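The structure file upload_33.cif is reproduced below (mmCIF, C-alpha atoms and all ligand atoms).
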data_run
#
loop_
_atom_site.group_PDB
_atom_site.id
_atom_site.type_symbol
_atom_site.label_atom_id
_atom_site.label_comp_id
_atom_site.auth_asym_id
_atom_site.auth_seq_id
_atom_site.Cartn_x
_atom_site.Cartn_y
_atom_site.Cartn_z
ATOM 1 C CA MET F 60 2.479 -63.673 11.160
ATOM 2 C CA THR F 61 6.029 -64.796 12.053
ATOM 3 C CA PRO F 62 6.485 -68.300 13.486
ATOM 4 C CA SER F 63 7.582 -66.896 16.831
ATOM 5 C CA ALA F 64 4.499 -64.627 16.990
ATOM 6 C CA LEU F 65 2.247 -67.598 16.161
ATOM 7 C CA LEU F 66 3.945 -69.649 18.888
ATOM 8 C CA ALA F 67 3.518 -66.763 21.355
ATOM 9 C CA ALA F 68 -0.178 -66.623 20.410
ATOM 10 C CA TRP F 69 -0.394 -70.403 21.006
ATOM 11 C CA ASP F 70 1.051 -69.896 24.483
ATOM 12 C CA ALA F 71 -1.459 -67.116 25.254
ATOM 13 C CA GLN F 72 -4.290 -69.280 23.908
ATOM 14 C CA GLN F 73 -3.258 -72.297 25.988
ATOM 15 C CA ALA F 74 -2.735 -70.201 29.138
ATOM 16 C CA ALA F 75 -6.419 -69.231 29.027
ATOM 17 C CA TYR F 76 -7.297 -72.914 29.500
ATOM 18 C CA VAL F 77 -4.467 -73.831 31.907
ATOM 19 C CA ALA F 78 -4.599 -71.306 34.756
ATOM 20 C CA ASP F 79 -0.978 -71.525 35.922
ATOM 21 C CA ARG F 80 0.587 -73.022 32.809
ATOM 22 C CA GLU F 81 3.993 -71.444 33.486
ATOM 23 C CA GLY F 82 4.000 -72.745 37.079
ATOM 24 C CA ARG F 83 3.213 -76.190 35.765
ATOM 25 C CA PHE F 84 6.071 -75.969 33.229
ATOM 26 C CA ARG F 85 8.379 -74.702 35.978
ATOM 27 C CA ILE F 86 7.941 -77.701 38.274
ATOM 28 C CA VAL F 87 8.551 -80.073 35.346
ATOM 29 C CA VAL F 88 11.821 -78.309 34.493
ATOM 30 C CA GLU F 89 12.916 -78.066 38.154
ATOM 31 C CA LEU F 90 12.320 -81.768 38.778
ATOM 32 C CA LEU F 91 14.123 -82.670 35.564
ATOM 33 C CA GLU F 92 17.185 -80.768 36.740
ATOM 34 C CA LEU F 93 17.034 -82.123 40.303
ATOM 35 C CA ALA F 94 16.619 -85.734 39.225
ATOM 36 C CA CYS F 95 18.594 -85.868 35.970
ATOM 37 C CA GLY F 96 21.167 -83.073 36.285
ATOM 38 C CA PRO F 97 21.828 -80.109 33.989
ATOM 39 C CA ALA F 98 22.076 -82.062 30.695
ATOM 40 C CA PRO F 99 19.151 -84.480 30.458
ATOM 41 C CA LEU F 100 18.011 -86.240 27.303
ATOM 42 C CA VAL F 101 14.258 -85.645 27.257
ATOM 43 C CA VAL F 102 11.390 -86.926 25.114
ATOM 44 C CA ASP F 103 8.430 -84.480 24.942
ATOM 45 C CA LEU F 104 5.340 -86.503 23.999
ATOM 46 C CA ALA F 105 2.671 -84.674 21.990
ATOM 47 C CA CYS F 106 4.887 -81.606 21.993
ATOM 48 C CA GLY F 107 2.644 -79.531 19.706
ATOM 49 C CA PRO F 108 4.514 -76.390 18.645
ATOM 50 C CA GLY F 109 7.139 -77.088 21.306
ATOM 51 C CA SER F 110 6.153 -74.963 24.310
ATOM 52 C CA LEU F 111 7.440 -77.416 26.946
ATOM 53 C CA SER F 112 10.467 -78.412 24.832
ATOM 54 C CA ALA F 113 11.431 -74.732 24.624
ATOM 55 C CA ARG F 114 11.107 -74.240 28.404
ATOM 56 C CA VAL F 115 13.393 -77.234 29.013
ATOM 57 C CA LEU F 116 15.967 -76.067 26.452
ATOM 58 C CA ASP F 117 15.901 -72.472 27.734
ATOM 59 C CA ALA F 118 16.302 -73.445 31.396
ATOM 60 C CA LEU F 119 18.855 -76.235 30.961
ATOM 61 C CA PRO F 120 21.476 -75.249 28.361
ATOM 62 C CA GLY F 121 22.915 -78.787 28.371
ATOM 63 C CA ALA F 122 19.554 -80.469 27.727
ATOM 64 C CA ARG F 123 18.540 -82.115 24.470
ATOM 65 C CA VAL F 124 14.898 -82.717 23.569
ATOM 66 C CA LEU F 125 13.151 -85.021 21.131
ATOM 67 C CA GLY F 126 9.684 -83.575 20.504
ATOM 68 C CA VAL F 127 7.123 -86.079 19.245
ATOM 69 C CA ASP F 128 3.767 -85.175 17.706
ATOM 70 C CA HIS F 129 1.488 -86.292 14.876
ATOM 71 C CA ASP F 130 0.109 -82.908 13.816
ATOM 72 C CA PRO F 131 2.049 -81.770 10.736
ATOM 73 C CA LEU F 132 1.013 -78.149 11.118
ATOM 74 C CA LEU F 133 2.133 -77.911 14.763
ATOM 75 C CA LEU F 134 5.393 -79.768 14.024
ATOM 76 C CA ASP F 135 6.054 -77.337 11.183
ATOM 77 C CA LEU F 136 5.471 -74.401 13.533
ATOM 78 C CA ALA F 137 7.810 -75.942 16.152
ATOM 79 C CA ALA F 138 10.515 -76.330 13.508
ATOM 80 C CA ARG F 139 10.119 -72.798 12.149
ATOM 81 C CA ALA F 140 9.927 -71.116 15.565
ATOM 82 C CA LEU F 141 12.434 -73.177 17.566
ATOM 83 C CA ASP F 142 15.063 -74.622 15.235
ATOM 84 C CA PRO F 143 16.685 -71.199 14.746
ATOM 85 C CA LEU F 144 16.971 -70.812 18.536
ATOM 86 C CA HIS F 145 18.024 -74.295 19.595
ATOM 87 C CA GLY F 146 19.602 -75.911 16.533
ATOM 88 C CA ASP F 147 20.388 -79.595 16.971
ATOM 89 C CA ARG F 148 19.496 -79.612 20.672
ATOM 90 C CA LEU F 149 15.883 -79.999 19.500
ATOM 91 C CA THR F 150 14.835 -82.840 17.214
ATOM 92 C CA LEU F 151 11.251 -83.210 16.023
ATOM 93 C CA LEU F 152 9.615 -86.531 15.183
ATOM 94 C CA ASP F 153 6.307 -87.234 13.477
ATOM 95 C CA ALA F 154 4.781 -90.256 15.261
ATOM 96 C CA ASP F 155 1.291 -91.321 16.300
ATOM 97 C CA LEU F 156 0.950 -92.242 19.987
ATOM 98 C CA ASP F 157 -2.136 -94.245 19.033
ATOM 99 C CA ASP F 158 0.098 -96.562 17.012
ATOM 100 C CA ASP F 159 2.277 -99.135 18.786
ATOM 101 C CA GLY F 160 5.115 -98.296 16.393
ATOM 102 C CA TRP F 161 5.929 -94.952 18.071
ATOM 103 C CA PRO F 162 8.581 -96.226 20.560
ATOM 104 C CA ALA F 163 10.613 -97.779 17.703
ATOM 105 C CA LEU F 164 10.543 -94.429 15.876
ATOM 106 C CA VAL F 165 11.720 -92.699 19.068
ATOM 107 C CA ARG F 166 14.553 -95.214 19.560
ATOM 108 C CA ASP F 167 15.665 -94.676 15.948
ATOM 109 C CA ALA F 168 15.552 -90.903 16.351
ATOM 110 C CA LEU F 169 17.622 -91.149 19.559
ATOM 111 C CA GLY F 170 20.256 -93.231 17.763
ATOM 112 C CA GLY F 171 20.603 -95.772 20.559
ATOM 113 C CA GLU F 172 20.714 -93.300 23.459
ATOM 114 C CA THR F 173 18.362 -93.924 26.387
ATOM 115 C CA PRO F 174 16.321 -90.944 27.571
ATOM 116 C CA ASP F 175 16.509 -89.673 31.144
ATOM 117 C CA ALA F 176 12.928 -88.419 31.068
ATOM 118 C CA VAL F 177 9.677 -88.563 29.154
ATOM 119 C CA VAL F 178 7.520 -85.463 29.650
ATOM 120 C CA SER F 179 4.175 -84.255 28.336
ATOM 121 C CA THR F 180 1.769 -81.372 28.932
ATOM 122 C CA THR F 181 -1.899 -80.816 28.066
ATOM 123 C CA ALA F 182 -1.886 -83.673 25.614
ATOM 124 C CA LEU F 183 -2.327 -87.243 26.784
ATOM 125 C CA HIS F 184 -6.041 -86.625 27.505
ATOM 126 C CA TRP F 185 -6.411 -87.059 23.713
ATOM 127 C CA LEU F 186 -5.775 -90.800 24.218
ATOM 128 C CA LEU F 187 -8.473 -93.278 25.242
ATOM 129 C CA PRO F 188 -7.810 -94.652 28.762
ATOM 130 C CA PRO F 189 -6.549 -98.135 27.664
ATOM 131 C CA ARG F 190 -4.276 -96.432 25.140
ATOM 132 C CA LEU F 191 -2.960 -94.096 27.835
ATOM 133 C CA VAL F 192 -2.001 -97.082 30.017
ATOM 134 C CA ALA F 193 -0.195 -98.589 27.004
ATOM 135 C CA VAL F 194 1.648 -95.308 26.316
ATOM 136 C CA TYR F 195 2.731 -95.053 29.982
ATOM 137 C CA ALA F 196 4.055 -98.658 29.733
ATOM 138 C CA GLN F 197 5.860 -97.909 26.458
ATOM 139 C CA ALA F 198 7.371 -94.776 28.035
ATOM 140 C CA ALA F 199 8.571 -96.857 31.014
ATOM 141 C CA GLU F 200 10.294 -99.273 28.626
ATOM 142 C CA LEU F 201 12.045 -96.396 26.854
ATOM 143 C CA LEU F 202 13.479 -94.901 30.063
ATOM 144 C CA ARG F 203 16.657 -95.786 31.902
ATOM 145 C CA PRO F 204 16.261 -97.188 35.446
ATOM 146 C CA GLY F 205 15.572 -94.206 37.699
ATOM 147 C CA GLY F 206 14.363 -92.141 34.731
ATOM 148 C CA LEU F 207 11.283 -89.932 35.106
ATOM 149 C CA LEU F 208 7.920 -89.624 33.466
ATOM 150 C CA LEU F 209 6.250 -86.245 34.120
ATOM 151 C CA ASN F 210 2.751 -85.632 32.777
ATOM 152 C CA GLY F 211 0.992 -82.293 33.326
ATOM 153 C CA ASP F 212 -2.676 -82.205 32.389
ATOM 154 C CA HIS F 213 -6.221 -81.721 33.619
ATOM 155 C CA PHE F 214 -7.366 -84.842 35.454
ATOM 156 C CA ARG F 215 -11.004 -84.134 36.152
ATOM 157 C CA PHE F 216 -12.851 -84.443 39.432
ATOM 158 C CA ASP F 217 -15.777 -86.840 39.122
ATOM 159 C CA GLY F 218 -19.002 -87.633 40.967
ATOM 160 C CA ARG F 219 -17.096 -88.546 44.136
ATOM 161 C CA THR F 220 -16.209 -84.869 44.755
ATOM 162 C CA PRO F 221 -19.042 -82.686 43.371
ATOM 163 C CA ALA F 222 -18.046 -79.491 45.177
ATOM 164 C CA LEU F 223 -14.451 -79.717 43.897
ATOM 165 C CA LYS F 224 -15.783 -80.449 40.421
ATOM 166 C CA ARG F 225 -17.976 -77.310 40.517
ATOM 167 C CA LEU F 226 -15.178 -75.118 41.861
ATOM 168 C CA ALA F 227 -12.666 -76.356 39.280
ATOM 169 C CA ALA F 228 -15.141 -75.696 36.437
ATOM 170 C CA ALA F 229 -15.911 -72.209 37.801
ATOM 171 C CA HIS F 230 -12.174 -71.471 38.110
ATOM 172 C CA ASP F 231 -11.603 -72.599 34.491
ATOM 173 C CA GLU F 232 -14.432 -70.364 33.282
ATOM 174 C CA ALA F 233 -13.149 -67.360 35.252
ATOM 175 C CA THR F 234 -9.610 -67.863 33.866
ATOM 176 C CA GLN F 235 -10.903 -68.053 30.302
ATOM 177 C CA ARG F 236 -13.146 -64.996 30.767
ATOM 178 C CA ARG F 237 -10.260 -62.948 32.167
ATOM 179 C CA ASP F 238 -7.674 -64.018 29.549
ATOM 180 C CA HIS F 239 -10.014 -63.710 26.573
ATOM 181 C CA ALA F 240 -11.117 -60.261 27.746
ATOM 182 C CA ALA F 241 -7.418 -59.339 27.925
ATOM 183 C CA GLY F 242 -6.926 -60.405 24.295
ATOM 184 C CA ALA F 243 -5.821 -64.069 24.414
ATOM 185 C CA PRO F 244 -7.146 -65.934 21.378
ATOM 186 C CA THR F 245 -9.596 -68.789 21.814
ATOM 187 C CA TRP F 246 -8.604 -72.285 20.566
ATOM 188 C CA GLU F 247 -10.833 -71.763 17.496
ATOM 189 C CA ALA F 248 -9.496 -68.273 16.727
ATOM 190 C CA TRP F 249 -5.875 -69.469 17.000
ATOM 191 C CA TRP F 250 -6.533 -72.320 14.572
ATOM 192 C CA GLU F 251 -8.205 -69.951 12.108
ATOM 193 C CA VAL F 252 -5.055 -67.821 12.024
ATOM 194 C CA ALA F 253 -2.729 -70.861 11.866
ATOM 195 C CA ARG F 254 -4.666 -72.378 8.970
ATOM 196 C CA SER F 255 -4.593 -69.102 7.054
ATOM 197 C CA GLN F 256 -0.771 -68.849 6.992
ATOM 198 C CA PRO F 257 0.562 -68.934 3.408
ATOM 199 C CA HIS F 258 2.119 -72.418 3.515
ATOM 200 C CA ALA F 259 -0.440 -74.003 5.883
ATOM 201 C CA ALA F 260 -3.195 -75.395 3.636
ATOM 202 C CA PRO F 261 -1.644 -78.822 2.827
ATOM 203 C CA LEU F 262 -0.480 -79.247 6.421
ATOM 204 C CA ALA F 263 -3.965 -78.447 7.732
ATOM 205 C CA ALA F 264 -5.532 -80.881 5.256
ATOM 206 C CA GLU F 265 -3.164 -83.629 6.404
ATOM 207 C CA ARG F 266 -3.939 -82.785 10.036
ATOM 208 C CA ASP F 267 -7.655 -83.171 9.341
ATOM 209 C CA ARG F 268 -7.070 -86.451 7.505
ATOM 210 C CA ARG F 269 -5.115 -87.844 10.470
ATOM 211 C CA PHE F 270 -7.299 -86.690 13.346
ATOM 212 C CA ASP F 271 -10.870 -86.255 12.118
ATOM 213 C CA GLY F 272 -13.151 -88.983 13.416
ATOM 214 C CA ARG F 273 -10.953 -90.080 16.323
ATOM 215 C CA PRO F 274 -13.135 -90.744 19.366
ATOM 216 C CA ALA F 275 -13.240 -88.134 22.135
ATOM 217 C CA PRO F 276 -11.828 -89.808 25.263
ATOM 218 C CA PRO F 277 -13.763 -89.565 28.545
ATOM 219 C CA PRO F 278 -12.214 -87.466 31.324
ATOM 220 C CA THR F 279 -10.051 -89.346 33.826
ATOM 221 C CA ALA F 280 -9.292 -88.559 37.479
ATOM 222 C CA VAL F 281 -5.839 -88.370 39.034
ATOM 223 C CA ASP F 282 -6.158 -91.706 40.832
ATOM 224 C CA PHE F 283 -6.623 -93.379 37.435
ATOM 225 C CA HIS F 284 -3.274 -91.921 36.315
ATOM 226 C CA LEU F 285 -1.434 -92.957 39.486
ATOM 227 C CA ALA F 286 -2.786 -96.515 39.192
ATOM 228 C CA ALA F 287 -1.979 -96.541 35.465
ATOM 229 C CA LEU F 288 1.631 -95.491 36.117
ATOM 230 C CA THR F 289 2.051 -98.277 38.674
ATOM 231 C CA GLN F 290 0.393 -100.768 36.323
ATOM 232 C CA ALA F 291 2.714 -99.571 33.544
ATOM 233 C CA GLY F 292 5.761 -100.639 35.559
ATOM 234 C CA PHE F 293 6.902 -97.424 37.253
ATOM 235 C CA ALA F 294 8.509 -98.217 40.624
ATOM 236 C CA GLU F 295 7.060 -95.053 42.181
ATOM 237 C CA ALA F 296 4.105 -92.862 41.190
ATOM 238 C CA GLY F 297 2.876 -89.654 42.790
ATOM 239 C CA THR F 298 1.473 -86.158 42.391
ATOM 240 C CA VAL F 299 4.143 -83.436 42.356
ATOM 241 C CA TRP F 300 1.990 -80.362 41.591
ATOM 242 C CA GLN F 301 -1.715 -79.520 41.678
ATOM 243 C CA LEU F 302 -3.982 -76.535 41.049
ATOM 244 C CA LEU F 303 -7.579 -77.755 41.493
ATOM 245 C CA ASP F 304 -7.982 -80.371 38.724
ATOM 246 C CA ASP F 305 -4.730 -79.483 36.964
ATOM 247 C CA TYR F 306 -1.858 -81.772 37.989
ATOM 248 C CA VAL F 307 1.636 -82.948 37.270
ATOM 249 C CA VAL F 308 2.083 -86.642 37.998
ATOM 250 C CA LEU F 309 5.456 -88.324 38.296
ATOM 251 C CA GLY F 310 6.503 -91.876 37.570
ATOM 252 C CA VAL F 311 9.971 -93.083 38.553
ATOM 253 C CA ARG F 312 11.145 -95.993 36.447
HETATM 254 C C1 LIG F 401 -3.202 -79.026 23.437
HETATM 255 S S1 LIG F 401 -1.829 -79.618 22.513
HETATM 256 C C2 LIG F 401 -0.498 -79.496 23.695
HETATM 257 C C3 LIG F 401 0.806 -79.225 23.042
HETATM 258 C C4 LIG F 401 1.977 -78.937 23.983
HETATM 259 N N1 LIG F 401 2.356 -80.127 24.691
HETATM 260 C C5 LIG F 401 1.665 -77.814 24.936
HETATM 261 O O1 LIG F 401 1.680 -78.034 26.164
HETATM 262 O O2 LIG F 401 1.413 -76.687 24.469
HETATM 263 C C6 LIG F 401 -2.136 -81.381 22.360
HETATM 264 C C7 LIG F 401 -1.140 -82.057 21.421
HETATM 265 O O3 LIG F 401 -1.364 -83.473 21.424
HETATM 266 C C8 LIG F 401 -1.079 -83.934 20.125
HETATM 267 N N2 LIG F 401 -1.655 -85.282 19.937
HETATM 268 C C9 LIG F 401 -2.941 -85.653 20.114
HETATM 269 N N3 LIG F 401 -3.100 -86.950 19.804
HETATM 270 C C10 LIG F 401 -1.868 -87.403 19.420
HETATM 271 C C11 LIG F 401 -1.384 -88.664 18.964
HETATM 272 N N4 LIG F 401 -2.190 -89.713 18.837
HETATM 273 N N5 LIG F 401 -0.080 -88.789 18.662
HETATM 274 C C12 LIG F 401 0.763 -87.723 18.775
HETATM 275 N N6 LIG F 401 0.370 -86.495 19.208
HETATM 276 C C13 LIG F 401 -0.934 -86.342 19.507
HETATM 277 C C14 LIG F 401 -1.722 -82.883 19.245
HETATM 278 O O4 LIG F 401 -1.264 -82.964 17.915
HETATM 279 C C15 LIG F 401 -1.300 -81.619 19.976
HETATM 280 O O5 LIG F 401 -0.064 -81.163 19.506
#

Using structure tokens, write down the structure that the file contains.
Amino acid sequence: MTPSALLAAWDAQQAAYVADREGRFRIVVELLELACGPAPLVVDLACGPGSLSARVLDALPGARVLGVDHDPLLLDLAARALDPLHGDRLTLLDADLDDDGWPALVRDALGGETPDAVVSTTALHWLLPPRLVAVYAQAAELLRPGGLLLNGDHFRFDGRTPALKRLAAAHDEATQRRDHAAGAPTWEAWWEVARSQPHAAPLAAERDRRFDGRPAPPPTAVDFHLAALTQAGFAEAGTVWQLLDDYVVLGVR
């Protein structure tokens, strides 16, 4: 399979789990342009194969993106699929957000420039809650005054809102049923194909070495994220988009 076909399959796979994934990307890109102008310098945390980075670069021809991830297979796919399209407007960096050294690696990769925005989608739920607060604080330190953090992810309803929790789960299930029936791959099926690509075996082995055995974080609700952003030093924190338990939260440095 070509890299661009594998990336397209990733997008279809992810869209089955994120009901209005493109709408969520759109608000991130629109706010970036409104707040930072047509040529922002953006850090995409846990970029995976670069879906959000690509939306930013496609919509804002003056933008530059540093995509950061720790999965060698997904970084390889991002490079193969996106470098030919975006050249040096996209830089990819291998760094572990669970390791306090990641901001220094980002600063090095940016060569002394200060980013206008730090963005992330469908990713920071992989971090344990105390680690997430630390990553928000490290992101705040990276940003220029007035810079933005935008994080799009599921922030789950909890026992305080049982009806909303039930409806959100039912909506997720219905979205998955519909998309999988229409041919979108499941997470497992996508990984089977990705791992079977000719060059993928050593990358997959390294991925397993890095991530196997990491604890599964508990779900967190949106009010946790808003408090965490404030605690992390953002001057303003708020929700800028929501579909049931899928949100984009904003921090203004
Ligand atoms: C579901 S993917 C989302 C990728 C992309 N942002 C998107 O919206 O399609 C989650 C990403 O988080 C990355 N990730 C998880 N833990 C990480 C860590 N500790 N450091 C860096 N990246 C991490 C994974 O490697 C994966 O690429």

Original post:
Which residues fall under the PyMOL selection byres (((not hetatm)) within 10 of (chain F and resi 401)) in this file, as a ChimeraX atom specification?
Top reply: /F:66,69-70,72-74,76-77,80,83-84,103-112,126-134,152-158,161,178-187,190,210-212,246,266,269-270,273

Original post:
What is the atom CA of F:Gly146 to atom CA of F:Ala113 distance in Å?
Top reply: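 Computing it gives 11.6 Å between the two atoms.
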
Original post:
With all atoms listed in the file as the basis for distance, which of F:Gln256, F:Gln301, F:Thr150, F:Thr61 is at the shortest distance from F:Arg215?
Top reply: F:Gln301

Subject >> Top pick for closest residue to F:Pro204, considering F:Thr173, F:Thr220, F:Gln290, F:Thr234 and counting all atoms listed in the file >> reply: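 With all atoms listed in the file as the atom set, the closest residue is F:Thr173.
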
**OP:** Have a look at atom CA of F:Ala248 and atom CA of F:Ala260 and let me know their distance in Å, one decimal.
**Re:**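 Straight-line distance from atom CA of F:Ala248 to atom CA of F:Ala260 works out to 16.2 Å.
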
Original post:
Separation of atom CA of F:Leu226 and atom CA of F:Ala243, in Å?
Top reply: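 According to the coordinates, atom CA of F:Leu226 and atom CA of F:Ala243 are separated by 22.7 Å.
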
**OP:** Write out as a PyMOL selection string which residues come within 12 Å of stretch 195-201 of chain F when counting only C-alpha atoms, dropping same-chain ones fewer than 4 positions away.
**Re:** chain F and resi 100-104+156-167+169+171-179+183+186+188-191+205-210+284-296+308-312

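The residues returned by the PyMOL selection byres (((chain F and resi 214) around 8) and not hetatm) on the shown structure are Asp212, His213, Arg215, Phe216, Pro278, Thr279, Ala280, Val281, Asp304, Asp305 and Tyr306 of chain F.
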
**OP:** Run the PyMOL selection byres (((chain F and resi 98) around 8) and not hetatm) mentally over the shown coordinates, then write out the matched residues as a list in words, using the chain letters and numbers from the document.
**Re:**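 Applying the expression gives Glu92, Cys95, Gly96, Pro97, Pro99, Leu100, Leu119, Pro120, Gly121, Ala122 and Arg123 of chain F.
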
Subject >> Option closest in space to F:His230, from F:Ile86, F:Leu302, F:Ala68, F:Ala137 [counting all atoms listed in the file] >> reply: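 Checking each of F:Ile86, F:Leu302, F:Ala68, F:Ala137 against F:His230, counting all atoms listed in the file, the winner is F:Leu302.
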
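Of the residues under consideration (F:Val124, F:Ala64, F:Leu149, F:Ala71), F:Ala71 shows the shortest atom-to-atom contact distance to F:Thr245 when counting only C-alpha atoms.
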
Subject >> Option closest in space to F:His145, from F:Arg203, F:Arg114, F:His258, F:Arg225 [counting only C-alpha atoms] >> reply: F:Arg114
